[in-house]
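Peer 1: I am sharing input_15.pdb, which consists of PDB, C-alpha atoms:
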```
ATOM      1  CA  MET A   1    -122.722  79.773 118.127
ATOM      2  CA  GLU A   2    -121.968  83.458 117.879
ATOM      3  CA  ASP A   3    -123.736  86.764 118.503
ATOM      4  CA  SER A   4    -124.904  87.141 114.894
ATOM      5  CA  SER A   5    -126.212  84.834 112.182
ATOM      6  CA  PHE A   6    -126.840  85.371 108.482
ATOM      7  CA  ARG A   7    -127.895  81.799 107.728
ATOM      8  CA  PRO A   8    -131.576  80.755 107.698
ATOM      9  CA  GLY A   9    -132.313  78.280 110.474
ATOM     10  CA  ILE A  10    -129.140  79.098 112.419
ATOM     11  CA  ALA A  11    -129.745  80.870 115.737
ATOM     12  CA  ALA A  12    -127.611  83.580 117.293
ATOM     13  CA  GLU A  13    -127.223  84.633 120.923
ATOM     14  CA  HIS A  14    -124.684  86.481 123.027
ATOM     15  CA  GLY A  15    -122.247  83.620 123.423
ATOM     16  CA  LEU A  16    -119.605  81.588 121.687
ATOM     17  CA  SER A  17    -119.114  77.949 120.744
ATOM     18  CA  LEU A  18    -116.618  76.597 118.232
ATOM     19  CA  TYR A  19    -116.680  73.071 116.819
ATOM     20  CA  LEU A  20    -113.293  71.812 115.623
ATOM     21  CA  GLU A  21    -112.281  68.688 113.741
ATOM     22  CA  THR A  22    -108.727  67.374 113.665
ATOM     23  CA  GLU A  23    -107.210  64.094 112.570
ATOM     24  CA  LYS A  24    -107.703  62.640 116.061
ATOM     25  CA  HIS A  25    -110.415  64.737 117.692
ATOM     26  CA  ARG A  26    -113.884  66.191 117.492
ATOM     27  CA  LEU A  27    -114.027  68.953 120.060
ATOM     28  CA  LEU A  28    -115.826  72.031 121.305
ATOM     29  CA  LEU A  29    -114.338  75.233 122.610
ATOM     30  CA  ASP A  30    -117.159  76.633 124.759
ATOM     31  CA  THR A  31    -120.855  75.833 124.480
ATOM     32  CA  GLY A  32    -122.606  79.185 124.056
ATOM     33  CA  ALA A  33    -125.103  80.587 126.548
ATOM     34  CA  SER A  34    -127.818  77.947 126.211
ATOM     35  CA  ALA A  35    -129.086  74.794 124.520
ATOM     36  CA  LEU A  36    -129.514  76.838 121.313
ATOM     37  CA  THR A  37    -125.955  75.731 120.582
ATOM     38  CA  LEU A  38    -127.173  72.128 120.321
ATOM     39  CA  GLN A  39    -129.968  73.183 117.977
ATOM     40  CA  ASN A  40    -127.429  74.887 115.715
ATOM     41  CA  ALA A  41    -125.261  71.770 115.716
ATOM     42  CA  ASP A  42    -128.240  69.687 114.634
ATOM     43  CA  ALA A  43    -129.137  72.163 111.881
ATOM     44  CA  LEU A  44    -125.540  72.104 110.627
ATOM     45  CA  GLY A  45    -125.298  68.313 110.679
ATOM     46  CA  VAL A  46    -122.729  68.230 113.492
ATOM     47  CA  ASP A  47    -122.961  65.015 115.509
ATOM     48  CA  LEU A  48    -122.355  66.111 119.080
ATOM     49  CA  THR A  49    -122.311  62.503 120.304
ATOM     50  CA  ALA A  50    -119.011  62.149 118.416
ATOM     51  CA  VAL A  51    -117.357  64.989 120.359
ATOM     52  CA  ASP A  52    -114.619  63.608 122.600
ATOM     53  CA  THR A  53    -113.303  66.809 124.207
ATOM     54  CA  VAL A  54    -114.821  70.052 125.496
ATOM     55  CA  VAL A  55    -112.725  73.023 126.602
ATOM     56  CA  ILE A  56    -114.377  75.889 128.474
ATOM     57  CA  SER A  57    -112.310  79.022 128.002
ATOM     58  CA  HIS A  58    -113.356  80.867 131.186
ATOM     59  CA  GLY A  59    -115.992  80.989 133.876
ATOM     60  CA  HIS A  60    -118.749  83.034 132.202
ATOM     61  CA  TYR A  61    -122.267  81.804 131.419
ATOM     62  CA  ASP A  62    -122.162  82.841 127.743
ATOM     63  CA  HIS A  63    -119.378  80.300 127.183
ATOM     64  CA  ALA A  64    -120.622  77.457 129.394
ATOM     65  CA  GLY A  65    -124.410  77.854 129.378
ATOM     66  CA  GLY A  66    -124.966  74.991 126.944
ATOM     67  CA  LEU A  67    -122.662  72.566 128.737
ATOM     68  CA  LEU A  68    -125.222  70.807 130.943
ATOM     69  CA  SER A  69    -127.491  70.172 127.944
ATOM     70  CA  PHE A  70    -124.498  68.916 125.975
ATOM     71  CA  ALA A  71    -123.485  66.567 128.811
ATOM     72  CA  GLU A  72    -126.986  65.050 128.839
ATOM     73  CA  ARG A  73    -126.636  64.219 125.169
ATOM     74  CA  ASN A  74    -122.973  63.201 125.355
ATOM     75  CA  PRO A  75    -121.952  62.076 128.867
ATOM     76  CA  ASP A  76    -118.633  60.602 127.704
ATOM     77  CA  ALA A  77    -116.768  63.679 126.441
ATOM     78  CA  GLU A  78    -113.858  64.843 128.564
ATOM     79  CA  ILE A  79    -114.400  68.415 129.844
ATOM     80  CA  TYR A  80    -111.537  70.763 130.713
ATOM     81  CA  LEU A  81    -112.264  73.812 132.855
ATOM     82  CA  ASN A  82    -109.749  76.004 134.640
ATOM     83  CA  ALA A  83    -109.765  75.289 138.364
ATOM     84  CA  GLY A  84    -110.684  78.912 139.104
ATOM     85  CA  ALA A  85    -113.564  79.117 136.634
ATOM     86  CA  GLY A  86    -116.175  78.155 139.212
ATOM     87  CA  GLY A  87    -115.857  81.485 141.002
ATOM     88  CA  ALA A  88    -118.646  84.026 141.545
ATOM     89  CA  PHE A  89    -118.263  86.494 138.675
ATOM     90  CA  PHE A  90    -120.333  89.643 138.139
ATOM     91  CA  HIS A  91    -120.934  92.376 135.549
ATOM     92  CA  GLY A  92    -122.179  95.175 137.749
ATOM     93  CA  GLU A  93    -124.890  93.495 139.828
ATOM     94  CA  LYS A  94    -125.553  90.735 137.292
ATOM     95  CA  TYR A  95    -124.158  87.288 138.038
ATOM     96  CA  ILE A  96    -122.341  86.068 134.926
ATOM     97  CA  GLY A  97    -120.626  82.966 136.323
ATOM     98  CA  ILE A  98    -121.313  79.377 135.322
ATOM     99  CA  ASP A  99    -124.067  77.125 136.633
ATOM    100  CA  ARG A 100    -122.623  75.456 139.735
ATOM    101  CA  LYS A 101    -124.018  72.092 138.630
ATOM    102  CA  ILE A 102    -121.263  72.019 136.025
ATOM    103  CA  LEU A 103    -118.708  71.464 138.786
ATOM    104  CA  ASN A 104    -120.315  68.095 139.560
ATOM    105  CA  LEU A 105    -120.148  66.659 136.050
ATOM    106  CA  PRO A 106    -118.372  63.273 136.250
ATOM    107  CA  ARG A 107    -116.103  63.841 133.245
ATOM    108  CA  LEU A 108    -114.965  67.301 134.389
ATOM    109  CA  HIS A 109    -111.214  67.900 134.689
ATOM    110  CA  PRO A 110    -110.378  71.053 136.704
ATOM    111  CA  VAL A 111    -107.099  72.338 135.245
ATOM    112  CA  PRO A 112    -104.886  73.718 138.046
ATOM    113  CA  ASP A 113    -101.728  74.120 136.015
ATOM    114  CA  SER A 114    -100.519  76.975 133.823
ATOM    115  CA  PHE A 115     -99.880  74.464 131.032
ATOM    116  CA  LEU A 116    -101.477  71.121 130.264
ATOM    117  CA  GLU A 117    -100.663  68.905 127.296
ATOM    118  CA  ILE A 118    -103.711  66.753 126.656
ATOM    119  CA  ASP A 119    -101.984  64.888 123.834
ATOM    120  CA  GLY A 120     -99.861  65.603 120.767
ATOM    121  CA  GLU A 121    -102.644  67.638 119.154
ATOM    122  CA  LEU A 122    -104.189  69.529 122.050
ATOM    123  CA  SER A 123    -102.790  71.633 124.864
ATOM    124  CA  LEU A 124    -104.036  74.327 127.234
ATOM    125  CA  PHE A 125    -102.296  77.289 128.801
ATOM    126  CA  SER A 126    -103.142  80.029 131.278
ATOM    127  CA  ALA A 127    -100.947  82.168 133.611
ATOM    128  CA  ILE A 128    -101.156  85.029 131.113
ATOM    129  CA  GLY A 129     -99.243  87.986 132.531
ATOM    130  CA  GLY A 130     -98.902  91.548 131.350
ATOM    131  CA  ARG A 131    -101.493  94.266 131.013
ATOM    132  CA  ARG A 132    -100.502  95.650 127.611
ATOM    133  CA  LEU A 133    -103.654  97.137 126.057
ATOM    134  CA  TRP A 134    -105.781  95.238 128.577
ATOM    135  CA  PRO A 135    -109.449  95.445 127.441
ATOM    136  CA  GLU A 136    -111.176  98.391 129.102
ATOM    137  CA  GLY A 137    -114.432  96.441 129.340
ATOM    138  CA  ASN A 138    -112.789  94.284 132.009
ATOM    139  CA  ARG A 139    -113.029  97.191 134.469
ATOM    140  CA  GLU A 140    -116.755  96.476 134.921
ATOM    141  CA  LEU A 141    -116.197  92.792 135.730
ATOM    142  CA  THR A 142    -115.624  91.563 139.271
ATOM    143  CA  GLU A 143    -115.198  88.404 141.312
ATOM    144  CA  GLU A 144    -116.814  87.949 144.710
ATOM    145  CA  LYS A 145    -114.842  86.235 147.462
ATOM    146  CA  ASP A 146    -115.793  86.132 151.128
ATOM    147  CA  GLY A 147    -118.575  88.635 150.486
ATOM    148  CA  LYS A 148    -116.270  91.191 148.861
ATOM    149  CA  ARG A 149    -116.082  92.151 145.181
ATOM    150  CA  THR A 150    -112.721  92.820 143.568
ATOM    151  CA  GLN A 151    -111.528  93.341 140.025
ATOM    152  CA  ASP A 152    -111.566  90.086 138.062
ATOM    153  CA  VAL A 153    -107.976  89.462 136.944
ATOM    154  CA  PHE A 154    -108.985  86.542 134.686
ATOM    155  CA  SER A 155    -106.658  83.943 136.096
ATOM    156  CA  HIS A 156    -109.525  81.539 135.209
ATOM    157  CA  GLU A 157    -109.056  82.139 131.478
ATOM    158  CA  GLN A 158    -107.362  79.346 129.520
ATOM    159  CA  CYS A 159    -106.475  79.075 125.841
ATOM    160  CA  LEU A 160    -106.565  76.049 123.579
ATOM    161  CA  VAL A 161    -103.743  75.214 121.168
ATOM    162  CA  VAL A 162    -104.446  72.745 118.360
ATOM    163  CA  ARG A 163    -101.619  71.214 116.331
ATOM    164  CA  GLU A 164    -102.051  69.098 113.229
ATOM    165  CA  GLY A 165     -99.196  68.437 110.846
ATOM    166  CA  ASN A 166     -97.302  71.708 110.499
ATOM    167  CA  LYS A 167    -100.294  73.918 111.325
ATOM    168  CA  THR A 168    -101.205  75.461 114.690
ATOM    169  CA  LEU A 169    -104.397  77.150 115.814
ATOM    170  CA  LEU A 170    -104.852  79.184 118.984
ATOM    171  CA  ALA A 171    -108.427  79.487 120.268
ATOM    172  CA  SER A 172    -109.543  81.838 123.032
ATOM    173  CA  GLY A 173    -113.091  82.650 124.044
ATOM    174  CA  CYS A 174    -112.891  86.389 124.796
ATOM    175  CA  ALA A 175    -109.196  87.228 125.218
ATOM    176  CA  HIS A 176    -110.032  88.967 128.497
ATOM    177  CA  ASN A 177    -106.310  89.047 129.262
ATOM    178  CA  GLY A 178    -105.740  90.965 126.012
ATOM    179  CA  ILE A 179    -104.950  89.281 122.725
ATOM    180  CA  LEU A 180    -101.418  90.715 122.655
ATOM    181  CA  ASN A 181    -100.646  89.338 126.133
ATOM    182  CA  ILE A 182    -102.091  85.962 125.145
ATOM    183  CA  LEU A 183     -99.857  85.879 122.066
ATOM    184  CA  ASP A 184     -96.864  86.856 124.194
ATOM    185  CA  ARG A 185     -97.598  83.859 126.434
ATOM    186  CA  TYR A 186     -98.060  81.603 123.396
ATOM    187  CA  ARG A 187     -94.691  82.676 122.017
ATOM    188  CA  GLU A 188     -93.075  82.185 125.432
ATOM    189  CA  LEU A 189     -94.272  78.586 125.395
ATOM    190  CA  ASN A 190     -93.742  77.807 121.710
ATOM    191  CA  GLY A 191     -91.055  80.147 120.407
ATOM    192  CA  SER A 192     -93.221  81.234 117.455
ATOM    193  CA  TYR A 193     -96.710  82.460 116.544
ATOM    194  CA  PRO A 194     -99.730  80.360 115.509
ATOM    195  CA  ASP A 195    -100.917  80.084 111.923
ATOM    196  CA  ALA A 196    -104.448  81.032 112.954
ATOM    197  CA  VAL A 197    -106.234  82.547 115.948
ATOM    198  CA  VAL A 198    -109.958  82.297 116.682
ATOM    199  CA  SER A 199    -111.013  84.649 119.444
ATOM    200  CA  GLY A 200    -113.201  87.480 120.548
ATOM    201  CA  PHE A 201    -111.131  90.540 121.487
ATOM    202  CA  HIS A 202    -113.451  91.917 124.206
ATOM    203  CA  MET A 203    -113.433  95.434 122.786
ATOM    204  CA  ILE A 204    -117.218  95.916 122.700
ATOM    205  CA  LYS A 205    -118.521  98.839 124.781
ATOM    206  CA  LYS A 206    -122.141  99.846 125.340
ATOM    207  CA  THR A 207    -121.103 103.329 126.468
ATOM    208  CA  GLY A 208    -119.383 104.286 123.205
ATOM    209  CA  TYR A 209    -115.759 104.755 122.243
ATOM    210  CA  GLY A 210    -113.511 107.648 123.127
ATOM    211  CA  GLU A 211    -110.357 108.564 121.255
ATOM    212  CA  ALA A 212    -108.232 106.672 123.787
ATOM    213  CA  ASP A 213    -110.323 103.543 123.145
ATOM    214  CA  LEU A 214    -109.927 103.883 119.380
ATOM    215  CA  ALA A 215    -106.191 104.496 119.709
ATOM    216  CA  GLY A 216    -105.807 101.252 121.666
ATOM    217  CA  ILE A 217    -107.881  99.338 119.112
ATOM    218  CA  ARG A 218    -105.771 100.674 116.253
ATOM    219  CA  GLN A 219    -102.510  99.961 118.090
ATOM    220  CA  THR A 220    -103.611  96.371 118.673
ATOM    221  CA  ALA A 221    -104.410  95.995 114.975
ATOM    222  CA  GLU A 222    -101.061  97.463 113.937
ATOM    223  CA  GLU A 223     -99.226  94.913 116.092
ATOM    224  CA  LEU A 224    -101.349  91.970 114.942
ATOM    225  CA  LYS A 225    -100.820  92.957 111.305
ATOM    226  CA  THR A 226     -97.086  92.283 111.628
ATOM    227  CA  LEU A 227     -97.613  88.621 112.608
ATOM    228  CA  PRO A 228     -97.715  85.628 110.230
ATOM    229  CA  THR A 229    -101.186  84.792 111.526
ATOM    230  CA  VAL A 230    -104.769  84.913 110.258
ATOM    231  CA  PHE A 231    -107.268  86.105 112.877
ATOM    232  CA  TYR A 232    -110.931  85.041 112.991
ATOM    233  CA  SER A 233    -112.933  87.188 115.378
ATOM    234  CA  GLY A 234    -116.447  88.022 116.524
ATOM    235  CA  HIS A 235    -118.606  87.689 119.668
ATOM    236  CA  CYS A 236    -117.256  90.319 122.104
ATOM    237  CA  THR A 237    -115.060  92.208 119.650
ATOM    238  CA  GLY A 238    -117.822  94.644 118.632
ATOM    239  CA  ASP A 239    -118.722  95.975 115.194
ATOM    240  CA  LEU A 240    -116.909  99.312 115.386
ATOM    241  CA  PRO A 241    -113.650  97.823 116.734
ATOM    242  CA  PHE A 242    -113.788  95.044 114.136
ATOM    243  CA  GLU A 243    -114.206  97.491 111.263
ATOM    244  CA  ALA A 244    -111.436  99.755 112.604
ATOM    245  CA  MET A 245    -109.091  96.769 112.848
ATOM    246  CA  LYS A 246    -110.149  95.435 109.458
ATOM    247  CA  GLU A 247    -109.097  98.694 107.803
ATOM    248  CA  ILE A 248    -105.592  98.133 109.148
ATOM    249  CA  MET A 249    -105.287  94.341 108.972
ATOM    250  CA  GLY A 250    -107.065  93.613 105.690
ATOM    251  CA  GLU A 251    -107.341  89.916 104.855
ATOM    252  CA  SER A 252    -105.459  88.874 107.994
ATOM    253  CA  LEU A 253    -108.639  89.644 109.979
ATOM    254  CA  ARG A 254    -111.855  87.774 109.173
ATOM    255  CA  ARG A 255    -115.276  87.878 110.814
ATOM    256  CA  ILE A 256    -117.002  84.798 112.219
ATOM    257  CA  THR A 257    -120.766  84.401 112.574
ATOM    258  CA  ALA A 258    -122.991  81.504 113.625
ATOM    259  CA  GLY A 259    -122.836  78.662 111.102
ATOM    260  CA  ASP A 260    -119.591  79.723 109.416
ATOM    261  CA  ALA A 261    -116.993  77.075 108.509
ATOM    262  CA  PHE A 262    -113.358  77.372 107.512
ATOM    263  CA  THR A 263    -110.221  75.263 107.261
ATOM    264  CA  VAL A 264    -106.770  76.150 108.569
TER
END
```
Translate this structure into structure tokens?
Peer 2:
Amino acid sequence: MEDSSFRPGIAAEHGLSLYLETEKHRLLLDTGASALTLQNADALGVDLTAVDTVVISHGHYDHAGGLLSFAERNPDAEIYLNAGAGGAFFHGEKYIGIDRKILNLPRLHPVPDSFLEIDGELSLFSAIGGRRLWPEGNRELTEEKDGKRTQDVFSHEQCLVVREGNKTLLASGCAHNGILNILDRYRELNGSYPDAVVSGFHMIKKTGYGEADLAGIRQTAEELKTLPTVFYSGHCTGDLPFEAMKEIMGESLRRITAGDAFTV
């Protein structure tokens, strides 16, 4: 699931869900905003009853909205959600947090740690510090605690690392903490950079882009271009930021849409 689709019979909505196959696993990173994700899986011939692992990247509805429907179809998959992802999150006055029923799913594993190794193929990390080129769109997002709203600092965001053979893939839902800060944390943990990254970059803005915004987008692209990594992006990146980055990054940046498939 992704915000756009160019394939007949494949739906699009504001949300993200990635289906991944490895030697040992069939897994989902996020579940889109609704049960449309399940319809897309059926149309693409993806057997969701074979999924053994679900990772929810952060506590927003457009990444967890299809989870309850998925759990009805597949009650046995292990679900990993950051322990802070059940908070009350808002975009302006709109509630954008997850359905609270998710917190009662029997196979749910709240992840309290900054690093969790699920097994030799899969691991999760959070505790992403730094504010280098932090996405400006975050300024409109808040968390409510004890009746008070404060800036969401995205401590509830976690990233998935997939290893198979000598290849590594880093998957993040929106990179709310900033893709450069996420990669800094990845390198801190692993001593290198991944072969591939799949992530939104949260650069989309409904109010338009000023020169400072464009300068930050271009600076991000210049830094990413120097890495030995292929980036697959969509969802919250935005069309104008994607095209500006593509001009700089060339083939190291590739767009994802609903129904796309690729191999790392």
Peer 1: Can you pull out the residues contacting Ala41 in chain A? Cut-off 12 Å, using all atoms listed in the file, and skip same-chain residues under 3 positions away; I want them as a compact mmCIF listing (two decimals) with C-alpha atoms, keeping the file's coordinate frame.
Peer 2:
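And here is the file that came out, result.txt:
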```txt
# COMPACT_ATOMS: atom_id res chain seq x y z
CA MET A 1 -122.72 79.77 118.13
CA GLY A 9 -132.31 78.28 110.47
CA ILE A 10 -129.14 79.10 112.42
CA ALA A 11 -129.74 80.87 115.74
CA SER A 17 -119.11 77.95 120.74
CA LEU A 18 -116.62 76.60 118.23
CA TYR A 19 -116.68 73.07 116.82
CA LEU A 20 -113.29 71.81 115.62
CA LEU A 28 -115.83 72.03 121.30
CA THR A 31 -120.86 75.83 124.48
CA GLY A 32 -122.61 79.18 124.06
CA ALA A 35 -129.09 74.79 124.52
CA LEU A 36 -129.51 76.84 121.31
CA THR A 37 -125.96 75.73 120.58
CA LEU A 38 -127.17 72.13 120.32
CA LEU A 44 -125.54 72.10 110.63
CA GLY A 45 -125.30 68.31 110.68
CA VAL A 46 -122.73 68.23 113.49
CA ASP A 47 -122.96 65.02 115.51
CA LEU A 48 -122.36 66.11 119.08
CA THR A 49 -122.31 62.50 120.30
CA ALA A 50 -119.01 62.15 118.42
CA VAL A 51 -117.36 64.99 120.36
CA GLY A 66 -124.97 74.99 126.94
CA PHE A 70 -124.50 68.92 125.98
CA ALA A 258 -122.99 81.50 113.62
CA GLY A 259 -122.84 78.66 111.10
CA ASP A 260 -119.59 79.72 109.42
```
Peer 1: Using all atoms listed in the file, can you list as an mmCIF file with C-alpha atoms, in the frame of the given file the residues within 8 Å of (-118.6, 84.7, 142.9)?
Peer 2:
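This went into result_26.cif:
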```cif
data_model
loop_
_atom_site.group_PDB
_atom_site.id
_atom_site.type_symbol
_atom_site.label_atom_id
_atom_site.label_comp_id
_atom_site.auth_asym_id
_atom_site.auth_seq_id
_atom_site.Cartn_x
_atom_site.Cartn_y
_atom_site.Cartn_z
ATOM 1 C CA GLY A 86 -116.175 78.155 139.212
ATOM 2 C CA GLY A 87 -115.857 81.485 141.002
ATOM 3 C CA ALA A 88 -118.646 84.026 141.545
ATOM 4 C CA PHE A 89 -118.263 86.494 138.675
ATOM 5 C CA PHE A 90 -120.333 89.643 138.139
ATOM 6 C CA TYR A 95 -124.158 87.288 138.038
ATOM 7 C CA GLY A 97 -120.626 82.966 136.323
ATOM 8 C CA GLU A 143 -115.198 88.404 141.312
ATOM 9 C CA GLU A 144 -116.814 87.949 144.710
ATOM 10 C CA LYS A 145 -114.842 86.235 147.462
#
```
Peer 1: Looking at only C-alpha atoms, which of A:Asp146, A:Asp30, A:Glu136, A:Glu223 is the one that sits closest to Leu183 in chain A?
Peer 2: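 Between A:Asp146, A:Asp30, A:Glu136, A:Glu223, the residue approaching Leu183 in chain A most closely is A:Glu223.
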Peer 1: From the set A:Glu121, A:Asp152, A:Glu72, A:Glu78, which residue has the shortest atom-to-atom contact distance to Ile96 in chain A, counting only C-alpha atoms?
Peer 2: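 With only C-alpha atoms as the atom set, the closest residue is A:Asp152.
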Peer 1: To one decimal place in Å, what is the distance between CA of Leu68 in chain A and CA of Leu108 in chain A?
Peer 2: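 Straight-line distance from CA of Leu68 in chain A to CA of Leu108 in chain A works out to 11.4 Å.
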Peer 1: Would you translate the PyMOL selection byres ((chain A and resi 119) around 12) into the concrete set of residues it matches in this file, as a PyMOL selection string?
Peer 2: chain A and resi 24-25+53+116-118+120-124+161-164
Peer 1: Written as JSON, numbers by chain, what is the full residue list that the PyMOL selection byres ((chain A and resi 170) around 8) yields on the file shown?
Peer 2: {"A": [159, 160, 161, 162, 168, 169, 171, 172, 194, 196, 197, 198]}
Peer 1: Could you check the closest approach to Tyr80 in chain A for each of A:Tyr186, A:Phe242, A:Tyr61, A:Phe125 and tell me which residue wins, using all atoms listed in the file?
Peer 2: A:Phe125
Peer 1: Excluding same-chain residues fewer than 4 positions from Asp62 in chain A, what lies within 7 Å of it counting only C-alpha atoms, as a count of residues only?
Peer 2: 5
Peer 1: Kindly indicate which residue among A:His109, A:Gly200, A:Gly210, A:Ala215 lies nearest to Arg255 in chain A, using all atoms listed in the file for the distances.
Peer 2: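 Closest candidate: A:Gly200.
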Peer 1: For the provided coordinates, the residues matched by the PyMOL selection byres ((chain A and resi 140) around 10) should be stated as a PDB file with C-alpha atoms, in the coordinates of the input.
Peer 2:
```pdb
ATOM      1  CA  PHE A  90    -120.333  89.643 138.139  1.00  0.00           C
ATOM      2  CA  HIS A  91    -120.934  92.376 135.549  1.00  0.00           C
ATOM      3  CA  GLY A  92    -122.179  95.175 137.749  1.00  0.00           C
ATOM      4  CA  GLU A  93    -124.890  93.495 139.828  1.00  0.00           C
ATOM      5  CA  GLU A 136    -111.176  98.391 129.102  1.00  0.00           C
ATOM      6  CA  GLY A 137    -114.432  96.441 129.340  1.00  0.00           C
ATOM      7  CA  ASN A 138    -112.789  94.284 132.009  1.00  0.00           C
ATOM      8  CA  ARG A 139    -113.029  97.191 134.469  1.00  0.00           C
ATOM      9  CA  LEU A 141    -116.197  92.792 135.730  1.00  0.00           C
ATOM     10  CA  THR A 142    -115.624  91.563 139.271  1.00  0.00           C
ATOM     11  CA  GLN A 151    -111.528  93.341 140.025  1.00  0.00           C
ATOM     12  CA  ASP A 152    -111.566  90.086 138.062  1.00  0.00           C
TER      13      ASP A 152
END
```
Peer 1: Quote the spacing between CA of Val55 in chain A and CA of Leu27 in chain A in Å to one decimal place.
Peer 2: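 If I compute the distance from CA of Val55 in chain A to CA of Leu27 in chain A, I get 7.8 Å.
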